[in-house]
>>> print(open('structure38.pdb').read())   # PDB, C-alpha atoms
ATOM      1  CA  MET N  14     114.778 128.509 142.234
ATOM      2  CA  ILE N  15     115.609 125.654 139.836
ATOM      3  CA  ALA N  16     118.988 123.981 140.313
ATOM      4  CA  LEU N  17     120.361 121.625 137.663
ATOM      5  CA  ARG N  18     122.961 118.998 138.439
ATOM      6  CA  ARG N  19     124.152 115.551 137.386
ATOM      7  CA  PHE N  20     122.120 112.539 138.467
ATOM      8  CA  ALA N  21     123.577 110.533 141.370
ATOM      9  CA  PRO N  22     122.532 106.961 142.261
ATOM     10  CA  ALA N  23     120.784 108.166 145.428
ATOM     11  CA  ASP N  24     118.430 110.202 143.211
ATOM     12  CA  TRP N  25     116.961 107.127 141.556
ATOM     13  CA  PRO N  26     113.810 106.679 143.707
ATOM     14  CA  ALA N  27     112.846 110.312 143.084
ATOM     15  CA  VAL N  28     113.623 110.035 139.359
ATOM     16  CA  TRP N  29     111.617 106.832 139.028
ATOM     17  CA  SER N  30     108.667 108.474 140.776
ATOM     18  CA  ILE N  31     108.701 111.032 137.942
ATOM     19  CA  LEU N  32     109.340 108.632 135.072
ATOM     20  CA  GLN N  33     106.874 105.947 136.081
ATOM     21  CA  PRO N  34     103.648 107.973 135.716
ATOM     22  CA  THR N  35     104.998 109.606 132.574
ATOM     23  CA  PHE N  36     105.724 106.314 130.822
ATOM     24  CA  ALA N  37     102.496 104.772 132.150
ATOM     25  CA  ALA N  38     100.441 107.610 130.678
ATOM     26  CA  GLY N  39     101.640 106.636 127.190
ATOM     27  CA  ASP N  40     101.088 110.079 125.716
ATOM     28  CA  THR N  41     104.584 111.543 125.375
ATOM     29  CA  TYR N  42     107.303 108.865 125.424
ATOM     30  CA  ALA N  43     107.541 105.717 123.316
ATOM     31  CA  TYR N  44     108.881 103.617 126.193
ATOM     32  CA  PRO N  45     106.260 100.940 126.897
ATOM     33  CA  PRO N  46     103.760 101.994 129.584
ATOM     34  CA  GLU N  47     104.645  98.768 131.408
ATOM     35  CA  THR N  48     108.382  99.590 131.528
ATOM     36  CA  THR N  49     109.790  98.160 134.754
ATOM     37  CA  GLU N  50     111.847 100.097 137.264
ATOM     38  CA  ALA N  51     114.991  98.154 136.320
ATOM     39  CA  GLN N  52     114.465  98.791 132.598
ATOM     40  CA  ALA N  53     113.812 102.458 133.247
ATOM     41  CA  ARG N  54     116.950 102.801 135.312
ATOM     42  CA  THR N  55     119.030 101.325 132.501
ATOM     43  CA  LEU N  56     117.535 103.359 129.706
ATOM     44  CA  TRP N  57     117.444 106.638 131.597
ATOM     45  CA  THR N  58     120.650 106.551 133.656
ATOM     46  CA  GLU N  59     122.996 104.005 132.067
ATOM     47  CA  ALA N  60     122.430 103.966 128.310
ATOM     48  CA  PRO N  61     122.712 107.769 127.890
ATOM     49  CA  LEU N  62     125.966 109.688 127.986
ATOM     50  CA  ALA N  63     124.730 111.734 130.959
ATOM     51  CA  THR N  64     121.634 112.158 133.122
ATOM     52  CA  TYR N  65     120.619 115.238 135.096
ATOM     53  CA  VAL N  66     118.070 116.246 137.686
ATOM     54  CA  ALA N  67     116.314 119.561 138.311
ATOM     55  CA  GLU N  68     115.780 120.446 141.946
ATOM     56  CA  VAL N  69     113.218 122.954 143.141
ATOM     57  CA  ASP N  70     113.557 123.904 146.802
ATOM     58  CA  GLY N  71     115.779 120.878 147.314
ATOM     59  CA  ARG N  72     113.256 118.439 145.818
ATOM     60  CA  ILE N  73     113.793 116.647 142.498
ATOM     61  CA  ALA N  74     111.082 117.907 140.157
ATOM     62  CA  GLY N  75     112.507 117.013 136.759
ATOM     63  CA  THR N  76     115.092 114.915 134.974
ATOM     64  CA  TYR N  77     116.659 114.650 131.568
ATOM     65  CA  TYR N  78     119.173 112.538 129.684
ATOM     66  CA  LEU N  79     121.659 113.489 126.977
ATOM     67  CA  LYS N  80     123.198 111.125 124.428
ATOM     68  CA  PRO N  81     124.470 110.977 120.853
ATOM     69  CA  ASN N  82     121.520 110.538 118.505
ATOM     70  CA  GLN N  83     123.462 108.320 116.090
ATOM     71  CA  PRO N  84     126.778 106.430 116.225
ATOM     72  CA  GLY N  85     130.050 107.546 114.649
ATOM     73  CA  LEU N  86     129.444 109.912 111.751
ATOM     74  CA  GLY N  87     126.174 111.116 113.264
ATOM     75  CA  ALA N  88     127.442 111.392 116.832
ATOM     76  CA  HIS N  89     127.955 115.174 116.693
ATOM     77  CA  VAL N  90     124.152 115.501 116.957
ATOM     78  CA  CYS N  91     122.763 114.758 120.399
ATOM     79  CA  ASN N  92     119.366 113.733 121.644
ATOM     80  CA  CYS N  93     117.721 114.622 124.945
ATOM     81  CA  GLY N  94     114.596 113.533 126.766
ATOM     82  CA  TYR N  95     113.039 115.654 129.527
ATOM     83  CA  VAL N  96     110.424 114.748 132.113
ATOM     84  CA  VAL N  97     108.832 117.011 134.731
ATOM     85  CA  ALA N  98     106.991 115.681 137.786
ATOM     86  CA  PRO N  99     103.231 115.869 137.165
ATOM     87  CA  ASP N 100     102.726 118.121 140.195
ATOM     88  CA  ALA N 101     105.542 120.513 139.188
ATOM     89  CA  ARG N 102     104.386 121.445 135.708
ATOM     90  CA  GLY N 103     103.994 125.053 134.568
ATOM     91  CA  ARG N 104     106.938 126.376 136.556
ATOM     92  CA  GLY N 105     109.522 126.610 133.796
ATOM     93  CA  ILE N 106     111.333 123.428 134.743
ATOM     94  CA  ALA N 107     111.276 121.935 131.233
ATOM     95  CA  ALA N 108     112.565 125.202 129.771
ATOM     96  CA  ALA N 109     115.321 125.362 132.396
ATOM     97  CA  MET N 110     116.343 121.768 131.644
ATOM     98  CA  CYS N 111     116.354 122.411 127.891
ATOM     99  CA  GLU N 112     118.521 125.528 128.268
ATOM    100  CA  HIS N 113     120.875 123.621 130.549
ATOM    101  CA  SER N 114     121.045 120.662 128.166
ATOM    102  CA  GLN N 115     122.082 122.895 125.273
ATOM    103  CA  ARG N 116     124.964 124.314 127.291
ATOM    104  CA  GLU N 117     125.973 120.835 128.433
ATOM    105  CA  ALA N 118     125.749 119.515 124.881
ATOM    106  CA  LEU N 119     128.067 122.242 123.606
ATOM    107  CA  ALA N 120     130.499 121.613 126.458
ATOM    108  CA  LEU N 121     130.487 117.918 125.548
ATOM    109  CA  GLY N 122     131.312 118.727 121.928
ATOM    110  CA  PHE N 123     127.910 118.315 120.259
ATOM    111  CA  ARG N 124     126.951 120.615 117.403
ATOM    112  CA  ALA N 125     123.211 120.111 117.135
ATOM    113  CA  MET N 126     120.299 118.602 119.061
ATOM    114  CA  GLN N 127     117.553 116.419 117.633
ATOM    115  CA  PHE N 128     114.248 115.187 119.051
ATOM    116  CA  ASN N 129     113.123 112.122 117.122
ATOM    117  CA  LEU N 130     109.533 111.674 118.199
ATOM    118  CA  VAL N 131     107.782 114.741 119.589
ATOM    119  CA  VAL N 132     104.163 113.669 119.853
ATOM    120  CA  ALA N 133     102.108 116.157 117.845
ATOM    121  CA  THR N 134      99.234 116.118 120.345
ATOM    122  CA  ASN N 135     101.685 117.208 123.070
ATOM    123  CA  ALA N 136     101.121 120.794 121.955
ATOM    124  CA  GLY N 137     102.723 122.380 125.004
ATOM    125  CA  ALA N 138     106.000 120.583 124.372
ATOM    126  CA  VAL N 139     105.977 121.402 120.654
ATOM    127  CA  ARG N 140     105.441 125.092 121.399
ATOM    128  CA  LEU N 141     108.090 125.119 124.112
ATOM    129  CA  TRP N 142     110.750 123.557 121.882
ATOM    130  CA  GLN N 143     109.865 125.973 119.102
ATOM    131  CA  ARG N 144     110.219 128.892 121.518
ATOM    132  CA  MET N 145     113.648 127.496 122.433
ATOM    133  CA  GLY N 146     114.760 127.595 118.813
ATOM    134  CA  PHE N 147     113.942 124.081 117.663
ATOM    135  CA  ARG N 148     112.385 123.715 114.239
ATOM    136  CA  ILE N 149     109.938 121.046 113.110
ATOM    137  CA  VAL N 150     112.066 119.406 110.432
ATOM    138  CA  GLY N 151     109.348 116.974 109.450
ATOM    139  CA  THR N 152     106.263 115.129 110.629
ATOM    140  CA  LEU N 153     105.953 111.330 110.778
ATOM    141  CA  PRO N 154     102.374 110.290 110.032
ATOM    142  CA  GLY N 155     100.893 108.031 112.701
ATOM    143  CA  ALA N 156     104.312 107.222 114.144
ATOM    144  CA  PHE N 157     103.186 107.357 117.791
ATOM    145  CA  ARG N 158     100.656 104.902 119.216
ATOM    146  CA  HIS N 159      99.072 107.200 121.799
ATOM    147  CA  ARG N 160      97.563 105.219 124.640
ATOM    148  CA  ARG N 161      94.254 107.116 124.555
ATOM    149  CA  LEU N 162      94.102 108.618 121.069
ATOM    150  CA  GLY N 163      95.497 105.814 118.909
ATOM    151  CA  ASP N 164      98.032 106.518 116.179
ATOM    152  CA  VAL N 165      98.996 110.180 116.092
ATOM    153  CA  ASP N 166     101.673 112.106 114.226
ATOM    154  CA  ALA N 167     105.085 112.829 115.677
ATOM    155  CA  HIS N 168     107.541 115.561 114.788
ATOM    156  CA  VAL N 169     111.266 115.424 114.235
ATOM    157  CA  MET N 170     112.676 118.624 115.744
ATOM    158  CA  TYR N 171     116.194 119.973 115.346
ATOM    159  CA  LYS N 172     118.388 122.844 116.437
ATOM    160  CA  VAL N 173     121.912 123.735 115.431
ATOM    161  CA  LEU N 174     123.706 124.713 118.660
ATOM    162  CA  ALA N 175     125.632 127.948 118.495
ATOM    163  CA  PRO N 176     128.468 128.336 120.991
TER     164      PRO N 176
ATOM    165  CA  MET U  28     118.164  86.183  89.479
ATOM    166  CA  ILE U  29     118.116  87.723  92.939
ATOM    167  CA  ALA U  30     117.114  85.439  95.809
ATOM    168  CA  LEU U  31     116.317  86.875  99.226
ATOM    169  CA  ARG U  32     116.511  84.810 102.412
ATOM    170  CA  ARG U  33     117.218  85.088 106.117
ATOM    171  CA  PHE U  34     120.816  85.497 107.231
ATOM    172  CA  ALA U  35     122.447  82.349 108.652
ATOM    173  CA  PRO U  36     125.638  82.344 110.774
ATOM    174  CA  ALA U  37     127.633  80.753 107.950
ATOM    175  CA  ASP U  38     126.897  83.854 105.828
ATOM    176  CA  TRP U  39     128.822  86.146 108.133
ATOM    177  CA  PRO U  40     132.189  86.251 106.292
ATOM    178  CA  ALA U  41     130.413  87.199 103.059
ATOM    179  CA  VAL U  42     128.254  89.781 104.832
ATOM    180  CA  TRP U  43     131.251  91.329 106.569
ATOM    181  CA  SER U  44     133.078  91.562 103.235
ATOM    182  CA  ILE U  45     130.188  93.758 102.065
ATOM    183  CA  LEU U  46     129.758  95.806 105.242
ATOM    184  CA  GLN U  47     133.421  96.499 105.902
ATOM    185  CA  PRO U  48     134.179  98.594 102.780
ATOM    186  CA  THR U  49     130.806 100.313 103.118
ATOM    187  CA  PHE U  50     131.389 101.428 106.701
ATOM    188  CA  ALA U  51     135.040 102.278 105.970
ATOM    189  CA  ALA U  52     134.014 104.577 103.111
ATOM    190  CA  GLY U  53     132.094 106.741 105.586
ATOM    191  CA  ASP U  54     129.743 108.161 102.986
ATOM    192  CA  THR U  55     126.441 106.346 103.607
ATOM    193  CA  TYR U  56     126.246 104.834 107.099
ATOM    194  CA  ALA U  57     126.894 106.501 110.448
ATOM    195  CA  TYR U  58     128.639 103.454 111.905
ATOM    196  CA  PRO U  59     132.240 104.493 112.578
ATOM    197  CA  PRO U  60     134.575 103.722 109.654
ATOM    198  CA  GLU U  61     136.759 101.819 112.135
ATOM    199  CA  THR U  62     133.908  99.534 113.253
ATOM    200  CA  THR U  63     135.388  96.141 114.089
ATOM    201  CA  GLU U  64     134.150  92.844 112.725
ATOM    202  CA  ALA U  65     132.766  91.842 116.145
ATOM    203  CA  GLN U  66     130.938  95.155 116.536
ATOM    204  CA  ALA U  67     129.540  94.892 113.021
ATOM    205  CA  ARG U  68     128.299  91.376 113.632
ATOM    206  CA  THR U  69     126.438  92.501 116.731
ATOM    207  CA  LEU U  70     124.869  95.589 115.222
ATOM    208  CA  TRP U  71     123.935  93.981 111.905
ATOM    209  CA  THR U  72     122.903  90.453 112.901
ATOM    210  CA  GLU U  73     122.081  90.478 116.625
ATOM    211  CA  ALA U  74     120.622  93.862 117.564
ATOM    212  CA  PRO U  75     118.036  93.911 114.732
ATOM    213  CA  LEU U  76     114.844  91.881 114.729
ATOM    214  CA  ALA U  77     115.917  90.118 111.526
ATOM    215  CA  THR U  78     118.743  90.141 108.990
ATOM    216  CA  TYR U  79     118.580  89.022 105.355
ATOM    217  CA  VAL U  80     120.928  88.361 102.475
ATOM    218  CA  ALA U  81     120.445  88.769  98.738
ATOM    219  CA  GLU U  82     122.050  86.095  96.601
ATOM    220  CA  VAL U  83     122.843  86.539  92.926
ATOM    221  CA  ASP U  84     123.855  83.324  91.173
ATOM    222  CA  GLY U  85     124.425  81.723  94.560
ATOM    223  CA  ARG U  86     126.750  84.465  95.788
ATOM    224  CA  ILE U  87     125.832  86.917  98.556
ATOM    225  CA  ALA U  88     125.716  90.350  96.936
ATOM    226  CA  GLY U  89     123.669  92.330  99.433
ATOM    227  CA  THR U  90     122.318  92.336 102.958
ATOM    228  CA  TYR U  91     119.783  94.218 105.024
ATOM    229  CA  TYR U  92     118.443  94.352 108.558
ATOM    230  CA  LEU U  93     114.961  95.089 109.857
ATOM    231  CA  LYS U  94     114.078  96.338 113.339
ATOM    232  CA  PRO U  95     111.601  98.518 115.205
ATOM    233  CA  ASN U  96     112.615 102.159 114.868
ATOM    234  CA  GLN U  97     111.468 103.058 118.381
ATOM    235  CA  PRO U  98     110.484 101.092 121.488
ATOM    236  CA  GLY U  99     106.931 100.448 122.674
ATOM    237  CA  LEU U 100     104.531 103.067 121.372
ATOM    238  CA  GLY U 101     106.698 103.702 118.311
ATOM    239  CA  ALA U 102     107.458 100.050 117.581
ATOM    240  CA  HIS U 103     104.864  99.744 114.796
ATOM    241  CA  VAL U 104     107.261 101.718 112.595
ATOM    242  CA  CYS U 105     110.275  99.753 111.433
ATOM    243  CA  ASN U 106     113.708 100.754 110.222
ATOM    244  CA  CYS U 107     115.872  98.982 107.650
ATOM    245  CA  GLY U 108     119.433  99.356 106.419
ATOM    246  CA  TYR U 109     120.564  97.937 103.073
ATOM    247  CA  VAL U 110     124.055  97.374 101.726
ATOM    248  CA  VAL U 111     125.043  96.099  98.276
ATOM    249  CA  ALA U 112     128.510  94.727  97.506
ATOM    250  CA  PRO U 113     130.554  97.410  95.734
ATOM    251  CA  ASP U 114     131.051  95.163  92.674
ATOM    252  CA  ALA U 115     127.354  94.278  92.416
ATOM    253  CA  ARG U 116     125.850  97.748  92.183
ATOM    254  CA  GLY U 117     123.461  98.798  89.444
ATOM    255  CA  ARG U 118     121.750  95.431  89.163
ATOM    256  CA  GLY U 119     118.596  96.155  91.098
ATOM    257  CA  ILE U 120     119.718  94.443  94.278
ATOM    258  CA  ALA U 121     118.902  97.377  96.570
ATOM    259  CA  ALA U 122     115.458  97.703  95.009
ATOM    260  CA  ALA U 123     114.840  93.962  95.385
ATOM    261  CA  MET U 124     115.892  94.112  99.046
ATOM    262  CA  CYS U 125     113.682  97.132  99.709
ATOM    263  CA  GLU U 126     110.640  95.450  98.104
ATOM    264  CA  HIS U 127     111.335  92.296 100.103
ATOM    265  CA  SER U 128     111.768  94.239 103.334
ATOM    266  CA  GLN U 129     108.388  95.913 102.940
ATOM    267  CA  ARG U 130     106.672  92.544 102.546
ATOM    268  CA  GLU U 131     108.589  91.151 105.512
ATOM    269  CA  ALA U 132     107.755  94.221 107.603
ATOM    270  CA  LEU U 133     104.050  93.816 106.912
ATOM    271  CA  ALA U 134     104.231  90.105 107.710
ATOM    272  CA  LEU U 135     105.948  90.976 111.008
ATOM    273  CA  GLY U 136     103.163  93.420 111.876
ATOM    274  CA  PHE U 137     104.803  96.765 111.107
ATOM    275  CA  ARG U 138     102.696  99.580 109.655
ATOM    276  CA  ALA U 139     105.300 101.978 108.325
ATOM    277  CA  MET U 140     109.004 102.144 107.525
ATOM    278  CA  GLN U 141     111.362 104.973 108.411
ATOM    279  CA  PHE U 142     114.928 105.762 107.356
ATOM    280  CA  ASN U 143     116.494 108.099 109.916
ATOM    281  CA  LEU U 144     119.631 109.312 108.195
ATOM    282  CA  VAL U 145     119.661 109.101 104.395
ATOM    283  CA  VAL U 146     122.768 111.029 103.420
ATOM    284  CA  ALA U 147     121.689 113.776 101.021
ATOM    285  CA  THR U 148     124.806 113.400  98.867
ATOM    286  CA  ASN U 149     123.901 109.738  98.308
ATOM    287  CA  ALA U 150     121.639 110.848  95.479
ATOM    288  CA  GLY U 151     121.182 107.392  93.993
ATOM    289  CA  ALA U 152     119.774 106.067  97.249
ATOM    290  CA  VAL U 153     117.496 109.066  97.757
ATOM    291  CA  ARG U 154     116.071 108.652  94.234
ATOM    292  CA  LEU U 155     115.650 104.907  94.662
ATOM    293  CA  TRP U 156     113.745 105.220  97.932
ATOM    294  CA  GLN U 157     111.556 107.928  96.418
ATOM    295  CA  ARG U 158     110.817 105.650  93.457
ATOM    296  CA  MET U 159     109.827 102.967  95.966
ATOM    297  CA  GLY U 160     107.286 105.267  97.581
ATOM    298  CA  PHE U 161     109.291 106.788 100.400
ATOM    299  CA  ARG U 162     108.847 110.494 101.023
ATOM    300  CA  ILE U 163     111.443 112.915 102.369
ATOM    301  CA  VAL U 164     109.698 113.912 105.585
ATOM    302  CA  GLY U 165     112.403 116.364 106.550
ATOM    303  CA  THR U 166     116.065 117.248 106.172
ATOM    304  CA  LEU U 167     118.542 117.427 109.064
ATOM    305  CA  PRO U 168     121.108 120.166 108.405
ATOM    306  CA  GLY U 169     124.684 118.917 108.670
ATOM    307  CA  ALA U 170     123.643 115.789 110.539
ATOM    308  CA  PHE U 171     126.071 113.466 108.737
ATOM    309  CA  ARG U 172     129.841 113.851 109.052
ATOM    310  CA  HIS U 173     130.807 112.611 105.587
ATOM    311  CA  ARG U 174     134.324 111.234 105.573
ATOM    312  CA  ARG U 175     135.352 113.156 102.440
ATOM    313  CA  LEU U 176     132.865 116.033 102.241
ATOM    314  CA  GLY U 177     132.546 117.081 105.883
ATOM    315  CA  ASP U 178     129.136 117.800 107.409
ATOM    316  CA  VAL U 179     126.346 117.199 104.917
ATOM    317  CA  ASP U 180     122.568 117.091 105.261
ATOM    318  CA  ALA U 181     120.630 113.907 105.871
ATOM    319  CA  HIS U 182     117.002 113.113 105.125
ATOM    320  CA  VAL U 183     114.393 111.401 107.228
ATOM    321  CA  MET U 184     112.355 109.253 104.816
ATOM    322  CA  TYR U 185     109.068 107.499 105.575
ATOM    323  CA  LYS U 186     106.515 105.244 103.962
ATOM    324  CA  VAL U 187     103.202 103.990 105.274
ATOM    325  CA  LEU U 188     103.044 100.293 104.347
ATOM    326  CA  ALA U 189      99.810  99.221 102.701
ATOM    327  CA  PRO U 190      98.942  95.533 103.019
TER     328      PRO U 190
END
>>> encode(input="structure38.pdb", output="structure tokens")
Amino acid sequence: MIALRRFAPADWPAVWSILQPTFAAGDTYAYPPETTEAQARTLWTEAPLATYVAEVDGRIAGTYYLKPNQPGLGAHVCNCGYVVAPDARGRGIAAAMCEHSQREALALGFRAMQFNLVVATNAGAVRLWQRMGFRIVGTLPGAFRHRRLGDVDAHVMYKVLAP
Amino acid sequence: MIALRRFAPADWPAVWSILQPTFAAGDTYAYPPETTEAQARTLWTEAPLATYVAEVDGRIAGTYYLKPNQPGLGAHVCNCGYVVAPDARGRGIAAAMCEHSQREALALGFRAMQFNLVVATNAGAVRLWQRMGFRIVGTLPGAFRHRRLGDVDAHVMYKVLAP
């Protein structure tokens, strides 16, 4: 049973325990692998419009943020970032968060969702977003400096949200 | 004769006189048409890594900024925004700024340049960037809320910078 809800300050230690290994791995997010806890807290829970957590059996197993992808005349398109705890993968948590984020985005007035830098070697994520209706709009050659693989391509993915 | 140099604080009134009508028109940049002078100064001259002006006969006729397009593992790709004074268009100032920005980007260590939201109806800009070696990587449907035309498409454009 996956329960989605808004992030609360008391959730931070659990959220950081998910973000830290993800950023440190340097294979999915552009945030520097050496991102500090304070920087992570700002970028994940303060800079975005909203932050959410996914609980499985009462334990936080995933988190995502939602924010406008551009200012002003581009602010009807949102952007989300999702992270699942390494030991909770393969249980549909990313899919549940993505579904939830699309409903939230519509409720908040957004009309489309864009992912700016989906690392091409992260094949599971690419397939999952495609299955959820996102299209690869284009591919940026060498735009992601993968910590193990060097420069790899990244996709821009996009979905018009239908109410 | 177009001379390119770094922005200095004393240039601000001239730069704002170029940015203000551009943002207010709402047909090329996502910044809200009602962006204030203080907000514009921050986003154009403080948030970016560097800001430049183009002088024609000693008068500032254009300006651009340069910054990393993503943090950390995406920070080898830069992003630029260029604006030419409405009464100085058609004199090659945008092209001169774009050429200059590519040299500057290489000197600053960047490996590629990305434009995230090139408004499709801004055909002159699209053609100019293509002529300068940028490729339309993908097109975002309805991603720009054009002040007169409503939602229009926007292109992601990209160029690998060769030293």
>>> resolve_selection(input="structure38.pdb", expression="the ChimeraX specification (/U :<6) & /N", output="JSON, numbers by chain")
{"N": [43, 44, 45, 84, 85, 86, 87, 150, 151, 156, 157, 158]}
>>> resolve_selection(input="structure38.pdb", expression="the PyMOL selection byres ((chain U and resi 90) around 6)", output="number ranges by chain")
U: 79-81, 89, 91, 109-110
>>> atom_distance(input="structure38.pdb", atom1="CA of Gly94 (chain N)", atom2="CA of Val179 (chain U)")
25.1 Å
>>> resolve_selection(input="structure38.pdb", expression="the PyMOL selection byres ((chain U and resi 128) around 9)", output="PyMOL selection string")
chain U and resi 79+91-93+107+123-127+129-133
>>> closest_residue(input="structure38.pdb", among="N:Gln143, N:Pro176, N:Leu17, N:Val28", to="Val69 (chain N)", atoms="only C-alpha atoms")
N:Leu17
>>> axis_aligned_box(input="structure38.pdb", around="region 16-21 of chain N", padding_each_side="4 Å", output="lines of an AutoDock Vina configuration file")
center_x = 121.6
center_y = 117.3
center_z = 139.4
size_x = 13.2
size_y = 21.4
size_z = 12.0
>>> closest_residue(input="structure38.pdb", among="U:Gly119, U:Leu135, U:Phe161, U:Arg154", to="Ile29 (chain U)", atoms="all atoms listed in the file")
U:Gly119
>>> closest_residue(input="structure38.pdb", among="U:Trp43, U:Leu76, U:Gly85, U:Trp156", to="Phe142 (chain U)", atoms="all atoms listed in the file")
U:Trp156
>>> atom_distance(input="structure38.pdb", atom1="CA of Ala77 (chain U)", atom2="CA of Thr58 (chain N)")
28.0 Å
>>> build_atoms(input="structure38.pdb", residues="region 90-106 of chain U", atoms="N, CA and C atoms", output="mmCIF file, keeping the file's coordinate frame")
data_model
loop_
_atom_site.group_PDB
_atom_site.id
_atom_site.type_symbol
_atom_site.label_atom_id
_atom_site.label_comp_id
_atom_site.auth_asym_id
_atom_site.auth_seq_id
_atom_site.Cartn_x
_atom_site.Cartn_y
_atom_site.Cartn_z
ATOM 1 N N THR U 90 122.847 92.724 101.645
ATOM 2 C CA THR U 90 122.318 92.336 102.958
ATOM 3 C C THR U 90 121.506 93.489 103.525
ATOM 4 N N TYR U 91 120.514 93.157 104.322
ATOM 5 C CA TYR U 91 119.783 94.218 105.024
ATOM 6 C C TYR U 91 119.291 93.717 106.373
ATOM 7 N N TYR U 92 119.026 94.679 107.253
ATOM 8 C CA TYR U 92 118.443 94.352 108.558
ATOM 9 C C TYR U 92 117.083 95.035 108.667
ATOM 10 N N LEU U 93 116.295 94.533 109.589
ATOM 11 C CA LEU U 93 114.961 95.089 109.857
ATOM 12 C C LEU U 93 114.768 95.119 111.366
ATOM 13 N N LYS U 94 114.295 96.235 111.890
ATOM 14 C CA LYS U 94 114.078 96.338 113.339
ATOM 15 C C LYS U 94 113.048 97.425 113.637
ATOM 16 N N PRO U 95 112.477 97.405 114.831
ATOM 17 C CA PRO U 95 111.601 98.518 115.205
ATOM 18 C C PRO U 95 112.425 99.796 115.290
ATOM 19 N N ASN U 96 111.858 100.913 114.845
ATOM 20 C CA ASN U 96 112.615 102.159 114.868
ATOM 21 C C ASN U 96 112.603 102.822 116.238
ATOM 22 N N GLN U 97 111.595 102.505 117.043
ATOM 23 C CA GLN U 97 111.468 103.058 118.381
ATOM 24 C C GLN U 97 110.936 101.943 119.278
ATOM 25 N N PRO U 98 111.077 102.091 120.592
ATOM 26 C CA PRO U 98 110.484 101.092 121.488
ATOM 27 C C PRO U 98 108.959 101.262 121.559
ATOM 28 N N GLY U 99 108.330 100.360 122.242
ATOM 29 C CA GLY U 99 106.931 100.448 122.674
ATOM 30 C C GLY U 99 105.931 101.127 121.757
ATOM 31 N N LEU U 100 105.608 102.368 122.074
ATOM 32 C CA LEU U 100 104.531 103.067 121.372
ATOM 33 C C LEU U 100 104.960 103.593 120.007
ATOM 34 N N GLY U 101 106.239 103.367 119.658
ATOM 35 C CA GLY U 101 106.698 103.702 118.311
ATOM 36 C C GLY U 101 107.142 102.460 117.550
ATOM 37 N N ALA U 102 106.899 101.294 118.135
ATOM 38 C CA ALA U 102 107.458 100.050 117.581
ATOM 39 C C ALA U 102 106.659 99.475 116.421
ATOM 40 N N HIS U 103 105.598 100.174 115.996
ATOM 41 C CA HIS U 103 104.864 99.744 114.796
ATOM 42 C C HIS U 103 105.495 100.331 113.541
ATOM 43 N N VAL U 104 106.494 101.173 113.717
ATOM 44 C CA VAL U 104 107.261 101.718 112.595
ATOM 45 C C VAL U 104 108.620 101.029 112.590
ATOM 46 N N CYS U 105 108.994 100.449 111.471
ATOM 47 C CA CYS U 105 110.275 99.753 111.433
ATOM 48 C C CYS U 105 111.334 100.592 110.736
ATOM 49 N N ASN U 106 112.557 100.127 110.855
ATOM 50 C CA ASN U 106 113.708 100.754 110.222
ATOM 51 C C ASN U 106 114.501 99.649 109.541
#
